[in-house]
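**Student:** Please find one structure pasted underneath; my questions will follow.
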Amino acid sequence: MVLQHEHLQVKIGISGAAETGHCGVDAYDKALELGREVARQGAMLITGATTGFPLWVAMGAKQEKGTVVGLSPAANEKEHVEAYNLPLEYHDLIIYTGFGFPGRDLIFTRSSDAMLFGCGRIGTIHEFTIAFEDKKPVGIYEGDWQTDEVIRDILKNGHRPNDRIVFDSNPKALVEQIIRMVHQDQINRASFHFDPVLG
């Protein structure tokens with residue numbers, strides 16, 4: 001049986017802080033390597049088209065000739081650059097949602113097959129909760145920042161088990177685990193929709 005969409009690239013969204021002063025001294029290098037790994041493993045990177053951690057992962061992906069798509073909170077390029085002060089660089093395509101940050105977060109998360117979370121603040125947590133509710137594969141990138149511990153606390157105190165969340169400090173292993181989960185989702189969907197007559 002052939003998967004219906006096996007020719008499509010896996011789309012991995014990466015969420016993180018636009019302002020990175022709290023992220024630790026090696027956040028830049030860690031973000032670059034995470035972006036490189038997404039591209040090395042053949043996935044497309046989706047970002048929130050912002051500065052800081054998302055921009056750094058985009059830079060890493062482009063170093064490995066990966067494809068990067070940004071979902072902007074702005075309604076057009078002028079607003080993106082002048083009102084939001086967001087970059088255009090290191091993206092192959094930027095989609096202007098026009099919904100501000102909260103609405104953009106929903107479109108960004110829903111547009112991704114899986115989500116990875118690095119150093120972040122309340123916006124990153126917002127995107128995490130959307131991915132959690134949507135039961136998407138979620139990877140938490142552990143680092144010298146506190147975001148991974150904040151998410152652990154949310155999971156502990158939320159009293160809602162979720163076996164689709166993995167934690168790892170190794171970017172290669174983290175991306176591998178997430179892509180494996182996405183492929184399993186694709187197999188499950190194909191099996192569910194399999195028509196014995198049409199194949």
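In the structure tokens, the first chain shown is A, the next is B, and so on; residue numbers restart at 1 for each chain, and ligands run from 1 in the order shown.
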Write out as a PyMOL selection string which residues come within 7 Å of range 98-102 of chain A when counting only C-alpha atoms, dropping same-chain ones fewer than 3 positions away.
**Tutor:** chain A and resi 73-75+105-106
**Student:** Got a sec: who's within 7 Å of range 140-149 of chain A, counting only C-alpha atoms, leaving out chain neighbours fewer than 5 positions off, as a ChimeraX atom specification?
**Tutor:** /A:23-24,116-120,166-169
**Student:** Excluding Gly123 in chain A and residues on its chain fewer than 2 positions from it, collect all residues at most 10 Å away from it, counting only C-alpha atoms, and give them as a list in words.
**Tutor:**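 Surrounding residues, per the criterion: Ser15, Gly16, Ala17, Ala18, Phe101, Pro102, Asp105, Gly120, Arg121, Ile125, His126, Glu127, Phe128 and Thr129 of chain A.
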**Student:** Select from range 24-172 of chain A everything DSSP, run on the backbone, classes as strand (DSSP E or B), then give the selection as a count of residues only.
**Tutor:** 25
**Student:** Report the distance between CA of His80 in chain A and CA of Ala61 in chain A in Å, rounded to one decimal place.
**Tutor:** 21.6 Å
**Student:** Can you list, as a ChimeraX atom specification, every protein, DNA or RNA residue that comes within 12 Å of Ile46 in chain A when you count only C-alpha atoms, leaving out same-chain residues fewer than 3 positions away?
**Tutor:** /A:9-16,35,38-39,43,49-50,54-55,57-58,61,66-72,90-95,105,107-116
**Student:** Mind writing the picked residues with N, CA and C atoms as a CSV table (one decimal), in the first residue's frame?
**Tutor:**
```csv
chain,number,residue,atom,x,y,z
A,9,GLN,N,7.1,16.7,1.7
A,9,GLN,CA,8.1,16.9,2.8
A,9,GLN,C,7.4,17.0,4.1
A,10,VAL,N,8.0,16.4,5.2
A,10,VAL,CA,7.5,16.6,6.5
A,10,VAL,C,7.7,18.1,6.9
A,11,LYS,N,6.7,18.7,7.5
A,11,LYS,CA,6.8,20.1,7.9
A,11,LYS,C,7.0,20.2,9.4
A,12,ILE,N,8.1,20.7,9.8
A,12,ILE,CA,8.4,20.8,11.2
A,12,ILE,C,8.4,22.3,11.6
A,13,GLY,N,7.5,22.6,12.5
A,13,GLY,CA,7.5,24.0,13.0
A,13,GLY,C,8.4,24.1,14.2
A,14,ILE,N,9.1,25.2,14.3
A,14,ILE,CA,10.0,25.4,15.5
A,14,ILE,C,9.6,26.7,16.1
A,15,SER,N,9.3,26.6,17.4
A,15,SER,CA,8.9,27.8,18.2
A,15,SER,C,9.9,28.2,19.2
A,16,GLY,N,10.1,29.5,19.4
A,16,GLY,CA,11.1,30.0,20.4
A,16,GLY,C,11.0,31.5,20.5
A,35,GLY,N,18.2,23.8,13.4
A,35,GLY,CA,17.8,24.1,12.1
A,35,GLY,C,18.5,23.3,11.0
A,38,VAL,N,17.0,19.7,11.0
A,38,VAL,CA,15.8,19.6,10.2
A,38,VAL,C,16.0,19.5,8.7
A,39,ALA,N,16.9,20.3,8.2
A,39,ALA,CA,17.2,20.3,6.8
A,39,ALA,C,18.0,19.0,6.4
A,43,ALA,N,13.4,17.5,6.1
A,43,ALA,CA,12.1,18.1,6.4
A,43,ALA,C,12.1,19.6,6.0
A,49,ALA,N,8.3,33.4,11.6
A,49,ALA,CA,8.8,34.6,10.8
A,49,ALA,C,9.3,35.7,11.7
A,50,THR,N,9.9,35.4,12.8
A,50,THR,CA,10.3,36.4,13.8
A,50,THR,C,11.8,36.4,14.0
A,54,PRO,N,13.7,31.6,16.4
A,54,PRO,CA,13.2,31.2,15.1
A,54,PRO,C,14.1,31.6,13.9
A,55,LEU,N,14.6,32.8,14.0
A,55,LEU,CA,15.5,33.3,12.9
A,55,LEU,C,16.8,32.4,12.9
A,57,VAL,N,17.2,29.3,13.9
A,57,VAL,CA,17.0,28.0,13.3
A,57,VAL,C,16.8,28.1,11.8
A,58,ALA,N,16.2,29.2,11.3
A,58,ALA,CA,16.0,29.4,9.8
A,58,ALA,C,17.4,29.5,9.2
A,61,ALA,N,19.0,26.1,8.9
A,61,ALA,CA,18.4,25.3,7.9
A,61,ALA,C,18.9,25.7,6.5
A,66,GLY,N,18.1,23.9,3.2
A,66,GLY,CA,16.8,23.5,3.5
A,66,GLY,C,15.8,24.5,3.0
A,67,THR,N,14.5,24.2,3.1
A,67,THR,CA,13.4,25.0,2.7
A,67,THR,C,12.8,25.6,4.0
A,68,VAL,N,12.6,26.9,4.0
A,68,VAL,CA,12.1,27.6,5.2
A,68,VAL,C,10.9,28.4,4.9
A,69,VAL,N,9.8,28.2,5.5
A,69,VAL,CA,8.5,29.0,5.3
A,69,VAL,C,8.2,29.7,6.6
A,70,GLY,N,7.9,31.0,6.6
A,70,GLY,CA,7.5,31.8,7.7
A,70,GLY,C,6.1,32.2,7.7
A,71,LEU,N,5.4,32.1,8.9
A,71,LEU,CA,4.0,32.5,9.0
A,71,LEU,C,4.1,33.8,9.9
A,72,SER,N,3.8,34.9,9.2
A,72,SER,CA,3.9,36.3,9.9
A,72,SER,C,2.6,36.7,10.5
A,90,TYR,N,16.5,34.7,5.2
A,90,TYR,CA,16.6,33.2,5.6
A,90,TYR,C,15.3,32.5,5.4
A,91,HIS,N,14.3,33.0,4.7
A,91,HIS,CA,13.1,32.4,4.4
A,91,HIS,C,12.9,32.3,2.9
A,92,ASP,N,12.3,31.1,2.4
A,92,ASP,CA,12.0,31.0,1.0
A,92,ASP,C,10.7,31.6,0.7
A,93,LEU,N,9.8,31.6,1.7
A,93,LEU,CA,8.4,32.1,1.6
A,93,LEU,C,8.0,32.6,2.9
A,94,ILE,N,7.3,33.8,2.9
A,94,ILE,CA,6.6,34.3,4.1
A,94,ILE,C,5.2,34.5,3.8
A,95,ILE,N,4.3,33.9,4.6
A,95,ILE,CA,2.9,34.0,4.4
A,95,ILE,C,2.4,35.0,5.4
A,105,ASP,N,-0.2,32.2,15.7
A,105,ASP,CA,0.2,31.0,16.4
A,105,ASP,C,-0.6,29.8,16.0
A,107,ILE,N,-2.4,29.3,13.2
A,107,ILE,CA,-2.1,29.0,11.8
A,107,ILE,C,-0.8,28.3,11.7
A,108,PHE,N,0.2,28.8,12.3
A,108,PHE,CA,1.6,28.3,12.3
A,108,PHE,C,1.6,26.9,12.8
A,109,THR,N,0.9,26.6,14.0
A,109,THR,CA,0.9,25.3,14.6
A,109,THR,C,0.2,24.3,13.7
A,110,ARG,N,-1.0,24.8,13.2
A,110,ARG,CA,-1.8,23.9,12.4
A,110,ARG,C,-1.2,23.6,11.0
A,111,SER,N,-0.3,24.4,10.6
A,111,SER,CA,0.4,24.2,9.3
A,111,SER,C,1.5,23.3,9.4
A,112,SER,N,1.9,22.9,10.6
A,112,SER,CA,3.1,22.0,10.8
A,112,SER,C,2.6,20.6,11.1
A,113,ASP,N,3.4,19.6,10.6
A,113,ASP,CA,3.1,18.2,11.0
A,113,ASP,C,3.5,17.9,12.4
A,114,ALA,N,4.5,18.6,12.9
A,114,ALA,CA,5.0,18.4,14.3
A,114,ALA,C,5.6,19.7,14.7
A,115,MET,N,5.7,19.9,16.0
A,115,MET,CA,6.3,21.1,16.6
A,115,MET,C,7.4,20.8,17.5
A,116,LEU,N,8.5,21.6,17.4
A,116,LEU,CA,9.6,21.6,18.3
A,116,LEU,C,9.7,22.9,19.0
```
**Student:** Which is closest to Gly52 in chain A among A:Asn76, A:Thr20, A:Asn157, A:Asn85, if we use only C-alpha atoms?
**Tutor:** A:Thr20
**Student:** Looking at A:Arg152, A:Arg36, A:Gln186, A:Phe132, which one is nearest to Arg164 in chain A, with distances taken over only C-alpha atoms?
**Tutor:**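 Residue with the minimum atom-to-atom distance to Arg164 in chain A: A:Phe132.
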**Student:** Could you please determine the separation between CA of Glu33 in chain A and CA of Val182 in chain A in Å, to one decimal place?
**Tutor:**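 Rounded to one decimal, the two atoms are 20.8 Å apart.
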**Student:** Just list as a ChimeraX atom specification whatever in range 80-157 of chain A DSSP marks as alpha helix (DSSP H).
**Tutor:** /A:100-110,122-133,147-157
